[in-house]
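**Q** My structure is stored as entry-v8.cif, with mmCIF, C-alpha atoms.
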data_coords
#
loop_
_atom_site.label_atom_id
_atom_site.label_comp_id
_atom_site.auth_asym_id
_atom_site.auth_seq_id
_atom_site.Cartn_x
_atom_site.Cartn_y
_atom_site.Cartn_z
CA MET A 13 100.75 101.05 62.89
CA THR A 14 103.83 102.11 64.86
CA PRO A 15 103.54 103.78 68.29
CA ALA A 16 104.72 107.06 66.76
CA VAL A 17 101.92 106.97 64.18
CA VAL A 18 99.28 106.24 66.83
CA HIS A 19 100.51 109.02 69.10
CA VAL A 20 100.74 111.60 66.31
CA LEU A 21 97.22 110.75 65.10
CA LEU A 22 95.93 110.92 68.69
CA ALA A 23 97.52 114.34 69.11
CA LEU A 24 95.84 115.52 65.91
CA ALA A 25 92.48 114.10 66.99
CA GLY A 26 92.08 117.20 69.15
CA GLY A 27 92.37 119.52 66.15
CA GLU A 28 95.02 121.04 63.95
CA ARG A 29 98.43 121.55 65.53
CA HIS A 30 101.97 122.42 64.56
CA GLY A 31 104.84 119.97 64.95
CA TYR A 32 106.09 121.19 68.31
CA ALA A 33 102.57 121.12 69.79
CA ILE A 34 102.27 117.52 68.57
CA LEU A 35 105.62 116.72 70.17
CA LYS A 36 104.56 118.24 73.49
CA ASP A 37 101.23 116.43 73.37
CA VAL A 38 102.91 113.10 72.69
CA GLN A 39 105.43 113.65 75.50
CA LEU A 40 102.59 114.51 77.85
CA HIS A 41 100.82 111.23 77.09
CA VAL A 42 103.73 108.82 76.91
CA GLY A 43 105.86 110.40 79.65
CA SER A 44 109.31 108.87 79.87
CA ARG A 45 108.30 105.49 78.48
CA LEU A 46 108.99 106.52 74.90
CA ARG A 47 111.28 109.30 73.81
CA PHE A 48 110.19 111.12 70.69
CA GLY A 49 112.15 113.96 69.15
CA PRO A 50 111.43 116.35 66.29
CA GLY A 51 112.93 114.01 63.70
CA THR A 52 110.60 111.18 64.70
CA ILE A 53 107.58 113.49 64.69
CA TYR A 54 108.27 115.08 61.29
CA GLY A 55 109.31 111.77 59.74
CA THR A 56 106.02 110.31 60.92
CA LEU A 57 104.07 113.35 59.69
CA GLN A 58 105.70 113.02 56.27
CA ARG A 59 104.73 109.36 56.03
CA LEU A 60 101.19 110.16 57.17
CA MET A 61 100.89 112.91 54.56
CA GLU A 62 102.08 110.52 51.87
CA ALA A 63 99.44 108.04 53.05
CA GLY A 64 96.77 110.74 52.93
CA TRP A 65 96.01 110.46 56.65
CA VAL A 66 97.30 113.92 57.54
CA GLU A 67 97.30 117.15 55.55
CA GLU A 68 98.88 120.53 55.98
CA VAL A 69 96.56 123.45 56.62
CA ALA A 70 97.00 127.19 56.51
CA SER A 71 98.25 128.85 59.66
CA PRO A 72 95.20 129.75 61.76
CA GLY A 73 95.29 133.51 61.42
CA ALA A 74 96.87 135.97 63.81
CA ASP A 75 96.53 133.58 66.74
CA GLY A 76 98.77 130.99 65.11
CA ASP A 77 102.55 130.87 65.13
CA GLN A 78 103.57 132.16 61.69
CA ARG A 79 106.94 130.38 61.79
CA ARG A 80 105.23 127.02 61.93
CA ARG A 81 103.22 124.81 59.65
CA TYR A 82 99.99 123.32 60.87
CA TYR A 83 98.70 119.82 60.29
CA ARG A 84 95.34 118.14 60.64
CA MET A 85 94.02 114.62 60.38
CA THR A 86 91.97 113.68 57.31
CA ARG A 87 88.87 111.51 57.31
CA ASP A 88 90.97 108.53 56.20
CA GLY A 89 93.33 109.18 59.09
CA ARG A 90 90.48 109.29 61.58
CA GLU A 91 89.12 105.99 60.22
CA ALA A 92 92.56 104.39 60.46
CA LEU A 93 93.00 105.63 64.02
CA LYS A 94 89.57 104.33 64.98
CA SER A 95 90.41 100.90 63.55
CA GLU A 96 93.69 100.83 65.45
CA VAL A 97 92.06 101.88 68.72
CA ASP A 98 89.41 99.16 68.22
CA ARG A 99 92.18 96.63 67.63
CA LEU A 100 94.05 97.74 70.73
CA GLY A 101 90.79 97.61 72.72
CA ALA A 102 90.22 94.02 71.64
CA LEU A 103 93.81 93.22 72.56
CA LEU A 104 93.32 94.76 76.00
CA ASP A 105 90.12 92.74 76.49
CA ALA A 106 92.02 89.57 75.62
CA ALA A 107 94.77 90.50 78.09
CA ARG A 108 92.19 91.08 80.81
CA ALA A 109 90.50 87.77 80.02
CA HIS A 110 93.86 86.08 80.63
CA ARG A 111 94.33 88.12 83.82
CA ILE A 112 97.40 89.77 82.45
CA ARG A 113 95.85 93.17 83.01
CA PRO A 114 93.28 93.75 85.79
CA ARG A 115 89.88 95.12 84.79
CA ALA A 116 89.45 98.82 85.16
CA SER A 117 87.33 99.69 88.17
CA ARG A 118 83.98 101.23 87.26
CA GLY A 119 81.92 103.83 89.06
CA MET B 16 117.56 136.82 60.73
CA ALA B 17 116.66 138.48 63.99
CA GLY B 18 118.55 137.22 67.01
CA ALA B 19 121.00 135.26 64.91
CA GLN B 20 123.83 136.32 67.18
CA ALA B 21 122.04 134.77 70.14
CA VAL B 22 122.02 131.34 68.47
CA SER B 23 124.11 129.06 70.65
CA PHE B 24 126.82 126.70 69.55
CA GLU B 25 124.62 123.63 70.07
CA ALA B 26 121.81 125.20 68.02
CA ARG B 27 124.25 125.89 65.20
CA LEU B 28 125.59 122.36 65.53
CA TYR B 29 122.05 120.98 65.31
CA ARG B 30 121.32 123.09 62.21
CA ALA B 31 124.58 121.92 60.63
CA ALA B 32 123.77 118.28 61.43
CA LEU B 33 120.39 118.71 59.74
CA HIS B 34 122.32 118.99 56.46
CA LEU B 35 123.10 115.28 56.81
CA CYS B 36 119.41 114.55 56.19
CA PRO B 37 118.23 113.98 52.61
CA GLY B 38 117.57 117.27 50.79
CA GLU B 39 113.83 116.79 50.35
CA PHE B 40 113.23 116.05 54.04
CA ARG B 41 115.50 118.91 55.10
CA ARG B 42 113.70 121.39 52.85
CA ASP B 43 110.30 120.23 54.11
CA HIS B 44 111.01 120.04 57.84
CA GLY B 45 114.52 121.33 58.58
CA ASP B 46 113.41 124.81 59.65
CA GLU B 47 110.65 123.39 61.85
CA MET B 48 113.06 120.96 63.50
CA ALA B 49 115.57 123.74 64.20
CA CYS B 50 112.75 125.88 65.61
CA ASP B 51 111.61 122.99 67.83
CA PHE B 52 115.16 122.47 69.02
CA ASP B 53 115.41 126.14 70.02
CA GLU B 54 112.15 125.96 71.96
CA ALA B 55 113.07 122.70 73.66
CA ARG B 56 116.47 124.14 74.56
CA GLY B 57 114.82 127.17 76.11
CA GLU B 58 112.56 124.96 78.20
CA ALA B 59 115.41 122.64 79.22
CA ALA B 60 117.51 125.61 80.33
CA ALA B 61 115.03 126.23 83.12
CA SER B 62 115.53 122.71 84.46
CA GLY B 63 119.26 123.05 85.02
CA ALA B 64 122.32 121.29 83.66
CA GLY B 65 120.77 117.83 84.01
CA GLY B 66 117.84 118.80 81.82
CA ARG B 67 120.14 120.26 79.20
CA TRP B 68 122.19 117.07 79.01
CA VAL B 69 119.07 114.92 78.73
CA LEU B 70 117.87 117.17 75.90
CA ARG B 71 121.22 116.98 74.11
CA LEU B 72 121.20 113.19 74.35
CA LEU B 73 117.58 112.90 73.23
CA MET B 74 118.02 115.29 70.30
CA GLY B 75 121.28 113.68 69.24
CA VAL B 76 119.84 110.17 69.21
CA ASP B 77 116.66 111.36 67.51
CA LEU B 78 118.57 113.19 64.79
CA ALA B 79 120.95 110.28 64.18
CA ARG B 80 117.98 107.91 63.86
CA THR B 81 116.18 110.35 61.59
CA ILE B 82 119.18 110.68 59.27
CA VAL B 83 119.45 106.90 58.89
CA VAL B 84 115.69 106.35 58.47
CA GLN B 85 115.22 109.18 55.99
CA TRP B 86 118.15 108.07 53.84
CA LEU B 87 116.81 104.52 53.84
CA ARG B 88 113.42 105.88 52.78
CA THR B 89 114.96 107.58 49.75
CA GLY B 90 116.05 104.17 48.49
CA LEU B 91 119.49 105.52 47.60
CA PRO B 92 121.40 103.07 49.84
CA ALA B 93 119.62 100.19 48.11
CA ILE B 94 120.42 101.66 44.70
CA GLY B 95 124.03 102.13 45.79
CA CYS B 96 124.29 98.50 46.90
CA VAL B 97 122.78 97.30 43.62
CA ALA B 98 125.02 99.65 41.66
CA LEU B 99 128.05 98.20 43.44
CA LEU B 100 126.99 94.57 43.41
CA CYS B 101 125.77 94.38 39.79
CA PRO B 102 129.09 95.29 38.12
CA LEU B 103 130.93 93.00 40.54
CA VAL B 104 128.66 90.05 39.78
CA VAL B 105 128.61 90.74 36.03
CA GLY B 106 132.36 91.31 35.99
CA ALA B 107 133.02 88.11 37.91
CA GLY B 108 130.73 86.20 35.54
CA ILE B 109 132.43 87.60 32.44
CA ALA B 110 135.88 86.93 33.88
CA SER B 111 134.87 83.38 34.70
CA ALA B 112 133.46 82.87 31.19
CA VAL B 113 136.51 84.41 29.48
CA ARG B 114 138.81 82.14 31.48
CA ARG B 115 136.98 79.11 30.11
CA LEU B 116 136.71 80.37 26.53
CA THR B 117 139.59 80.44 24.11
CA PHE B 118 138.68 83.94 22.96
CA ARG B 119 141.71 86.08 22.30
CA PHE B 120 141.51 89.81 22.11
CA PRO B 121 142.81 90.90 18.67
CA ALA B 122 146.33 92.21 18.92
CA GLY B 123 145.73 95.10 16.55
CA GLY B 124 144.22 96.33 13.32
CA VAL B 125 140.61 96.74 12.28
CA GLU B 126 139.30 93.85 14.44
CA ALA B 127 140.74 95.31 17.62
CA GLU B 128 139.22 98.69 16.82
CA GLY B 129 135.86 97.06 16.19
CA VAL B 130 135.89 95.18 19.50
CA GLY B 131 136.97 98.35 21.31
CA LEU B 132 134.13 100.32 19.76
CA VAL B 133 131.60 97.67 20.74
CA LEU B 134 132.86 97.67 24.35
CA LEU B 135 132.75 101.47 24.45
CA ALA B 136 129.20 101.48 23.09
CA VAL B 137 128.11 98.92 25.70
CA VAL B 138 129.59 100.98 28.54
CA ALA B 139 127.97 104.17 27.22
CA LEU B 140 124.64 102.41 26.89
CA MET B 141 124.88 101.12 30.46
CA VAL B 142 125.66 104.60 31.75
CA VAL B 143 122.62 106.02 29.91
CA VAL B 144 120.33 103.26 31.21
CA VAL B 145 121.56 103.61 34.80
CA THR B 146 121.12 107.41 34.62
CA ILE B 147 117.54 107.07 33.33
CA VAL B 148 116.64 104.49 36.01
CA PHE B 149 118.27 106.58 38.72
CA ASN B 150 116.40 109.74 37.67
CA LEU B 151 113.08 107.93 37.43
CA TRP B 152 113.60 106.55 40.93
CA VAL B 153 114.66 109.82 42.51
CA HIS B 154 111.88 111.84 40.89
CA ARG B 155 109.13 109.28 41.28
CA PRO B 156 105.78 110.83 42.24
CA ARG B 157 104.85 110.62 45.90
CA ARG B 158 101.43 111.08 47.44
CA GLY B 159 101.14 114.11 49.61
CA ALA B 160 104.48 115.51 48.49
CA ARG B 161 104.64 119.26 49.01
CA ARG B 162 105.88 121.95 46.69
#
Written as structure tokens, that's how I'd like the structure from this file.
**A**
Amino acid sequence: MTPAVVHVLLALAGGERHGYAILKDVQLHVGSRLRFGPGTIYGTLQRLMEAGWVEEVASPGADGDQRRRYYRMTRDGREALKSEVDRLGALLDAARAHRIRPRASRG
Amino acid sequence: MAGAQAVSFEARLYRAALHLCPGEFRRDHGDEMACDFDEARGEAAASGAGGRWVLRLLMGVDLARTIVVQWLRTGLPAIGCVALLCPLVVGAGIASAVRRLTFRFPAGGVEAEGVGLVLLAVVALMVVVVTIVFNLWVHRPRRGARR
């Protein structure tokens, strides 16, 4: 799973969004570490739709932006994201065990 | 289109550059990408000239990468390479074989016409086969494809 796929799925975990909202959400989370543009986002969305992890939904009524198309994550997409997050969590645990990454302070 | 006159040069340039993307991708997402560019441009305008140049750079790199990636995803470059390499390899093989054989092309008459007809039929057959394969590849079913 590429970083773009993970970030797009994470953005859609909060509910259905249009492409620009996904882009803004991704930029908010990754900051300046990764630069995503519209082409990356829509290319990723297209691949995710082909994989059946994301689907297009009707524009959410009068509140939604009628110029835009809205996307949401499918059950398969949520499962895939959960698996990836679990994998990354295990990776982080391994990194902490090797003192590459300090343990997060609790409390 | 409302406000078309207000569309800036860079927005028009971006829309024009979108035509370099494969048709299917452009039809599916071209309008959304142009709309996103307009919104991002509006936001960057508030952050001064520096922000606008960062946006131009980001959008330019992103679009260039998208064009390359989306064309690669269509498989057409691979088909093009095969289409170029196959005749070269086959032609080189035939030329090499002909050089070793003592076959002589008939100088004229019925035999020459017969050989010419056979060659013409082979070429026509190859064109038909390549067209069928090309169409099957381009119009192959894709999961989640819209419209």
**Q** Using all atoms listed in the file, I'd like a table of the residues in chain B that come within 10 Å of chain A; for each, show the closest atom pair and its distance in Å rounded to one decimal, ordered by chain and ascending number, as JSON lines.
**A**
{"residue": "B:Leu33", "atom": "CA", "partner": "A:Gly51", "partner_atom": "CA", "distance": 9.7}
{"residue": "B:Cys36", "atom": "CA", "partner": "A:Gly51", "partner_atom": "CA", "distance": 9.9}
{"residue": "B:Phe40", "atom": "CA", "partner": "A:Gly55", "partner_atom": "CA", "distance": 8.1}
{"residue": "B:Asp43", "atom": "CA", "partner": "A:Gln58", "partner_atom": "CA", "distance": 8.8}
{"residue": "B:His44", "atom": "CA", "partner": "A:Tyr54", "partner_atom": "CA", "distance": 6.6}
{"residue": "B:Gly45", "atom": "CA", "partner": "A:Gly51", "partner_atom": "CA", "distance": 9.1}
{"residue": "B:Asp46", "atom": "CA", "partner": "A:Arg80", "partner_atom": "CA", "distance": 8.8}
{"residue": "B:Glu47", "atom": "CA", "partner": "A:Arg80", "partner_atom": "CA", "distance": 6.5}
{"residue": "B:Met48", "atom": "CA", "partner": "A:Pro50", "partner_atom": "CA", "distance": 5.6}
{"residue": "B:Ala49", "atom": "CA", "partner": "A:Pro50", "partner_atom": "CA", "distance": 8.7}
{"residue": "B:Cys50", "atom": "CA", "partner": "A:Arg79", "partner_atom": "CA", "distance": 8.3}
{"residue": "B:Asp51", "atom": "CA", "partner": "A:Tyr32", "partner_atom": "CA", "distance": 5.8}
{"residue": "B:Phe52", "atom": "CA", "partner": "A:Pro50", "partner_atom": "CA", "distance": 7.7}
{"residue": "B:Glu54", "atom": "CA", "partner": "A:Tyr32", "partner_atom": "CA", "distance": 8.5}
{"residue": "B:Ala55", "atom": "CA", "partner": "A:Tyr32", "partner_atom": "CA", "distance": 8.9}
{"residue": "B:Leu70", "atom": "CA", "partner": "A:Gly49", "partner_atom": "CA", "distance": 9.4}
{"residue": "B:Leu73", "atom": "CA", "partner": "A:Gly49", "partner_atom": "CA", "distance": 6.9}
{"residue": "B:Met74", "atom": "CA", "partner": "A:Gly49", "partner_atom": "CA", "distance": 6.1}
{"residue": "B:Gly75", "atom": "CA", "partner": "A:Gly49", "partner_atom": "CA", "distance": 9.1}
{"residue": "B:Val76", "atom": "CA", "partner": "A:Gly49", "partner_atom": "CA", "distance": 8.6}
{"residue": "B:Asp77", "atom": "CA", "partner": "A:Gly49", "partner_atom": "CA", "distance": 5.5}
{"residue": "B:Leu78", "atom": "CA", "partner": "A:Gly51", "partner_atom": "CA", "distance": 5.8}
{"residue": "B:Ala79", "atom": "CA", "partner": "A:Gly51", "partner_atom": "CA", "distance": 8.9}
{"residue": "B:Arg80", "atom": "CA", "partner": "A:Gly51", "partner_atom": "CA", "distance": 7.9}
{"residue": "B:Thr81", "atom": "CA", "partner": "A:Gly51", "partner_atom": "CA", "distance": 5.3}
{"residue": "B:Ile82", "atom": "CA", "partner": "A:Gly51", "partner_atom": "CA", "distance": 8.4}
{"residue": "B:Val84", "atom": "CA", "partner": "A:Gly55", "partner_atom": "CA", "distance": 8.5}
{"residue": "B:Gln85", "atom": "CA", "partner": "A:Gly55", "partner_atom": "CA", "distance": 7.5}
{"residue": "B:Arg88", "atom": "CA", "partner": "A:Arg59", "partner_atom": "CA", "distance": 9.9}
{"residue": "B:Arg157", "atom": "CA", "partner": "A:Glu62", "partner_atom": "CA", "distance": 6.6}
{"residue": "B:Arg158", "atom": "CA", "partner": "A:Glu62", "partner_atom": "CA", "distance": 4.5}
{"residue": "B:Gly159", "atom": "CA", "partner": "A:Glu62", "partner_atom": "CA", "distance": 4.3}
{"residue": "B:Ala160", "atom": "CA", "partner": "A:Glu62", "partner_atom": "CA", "distance": 6.5}
{"residue": "B:Arg161", "atom": "CA", "partner": "A:Glu68", "partner_atom": "CA", "distance": 9.1}
**Q** Kindly give the distance, in Å, that separates CA of Val69 (chain B) and CA of His41 (chain A), rounded to a single decimal.
**A**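 Computing it gives 18.7 Å between the two atoms.
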**Q** What does the distance between CA of Glu28 (chain A) and CA of Pro72 (chain A) come to in Å, to one decimal place?
**A**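 Computed distance, CA of Glu28 (chain A) to CA of Pro72 (chain A), equals 9.0 Å.
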**Q** If you count only C-alpha atoms, which residues fall within 9 Å of Ala26 (chain B), apart from same-chain ones fewer than 4 positions away, as a ChimeraX atom specification?
**A** /B:22,30-31,49,52-53,56
**Q** Here's the selection I'm unsure about, the PyMOL selection byres ((chain B and resi 152) around 12); applied to the file above, which residues does it give, as a PyMOL selection string?
**A** chain B and resi 88-91+93-94+145-151+153-157
**Q** I need the residue nearest Met13 (chain A) from this list: A:Gln39, A:Glu96, A:Arg87, A:Val69. Use all atoms listed in the file for the distance.
**A** A:Glu96
**Q** Just to confirm, what's the straight-line distance from CA of Ala59 (chain B) to CA of Leu72 (chain B) in Å (one decimal)?
**A**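 We find that CA of Ala59 (chain B) and CA of Leu72 (chain B) lie 12.1 Å from each other.
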**Q** Near His19 (chain A), within 10 Å and counting all atoms listed in the file, which residues show up once chain neighbours fewer than 2 positions away are dropped, as a list in words?
**A**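 Everything that qualifies: Thr14, Pro15, Ala16, Val17, Leu21, Leu22, Ala23, Leu24, Ala25, Ile34, Leu35, Asp37, Val38, Gln39, His41, Val42, Ile53, Thr56 and Leu93 of chain A.
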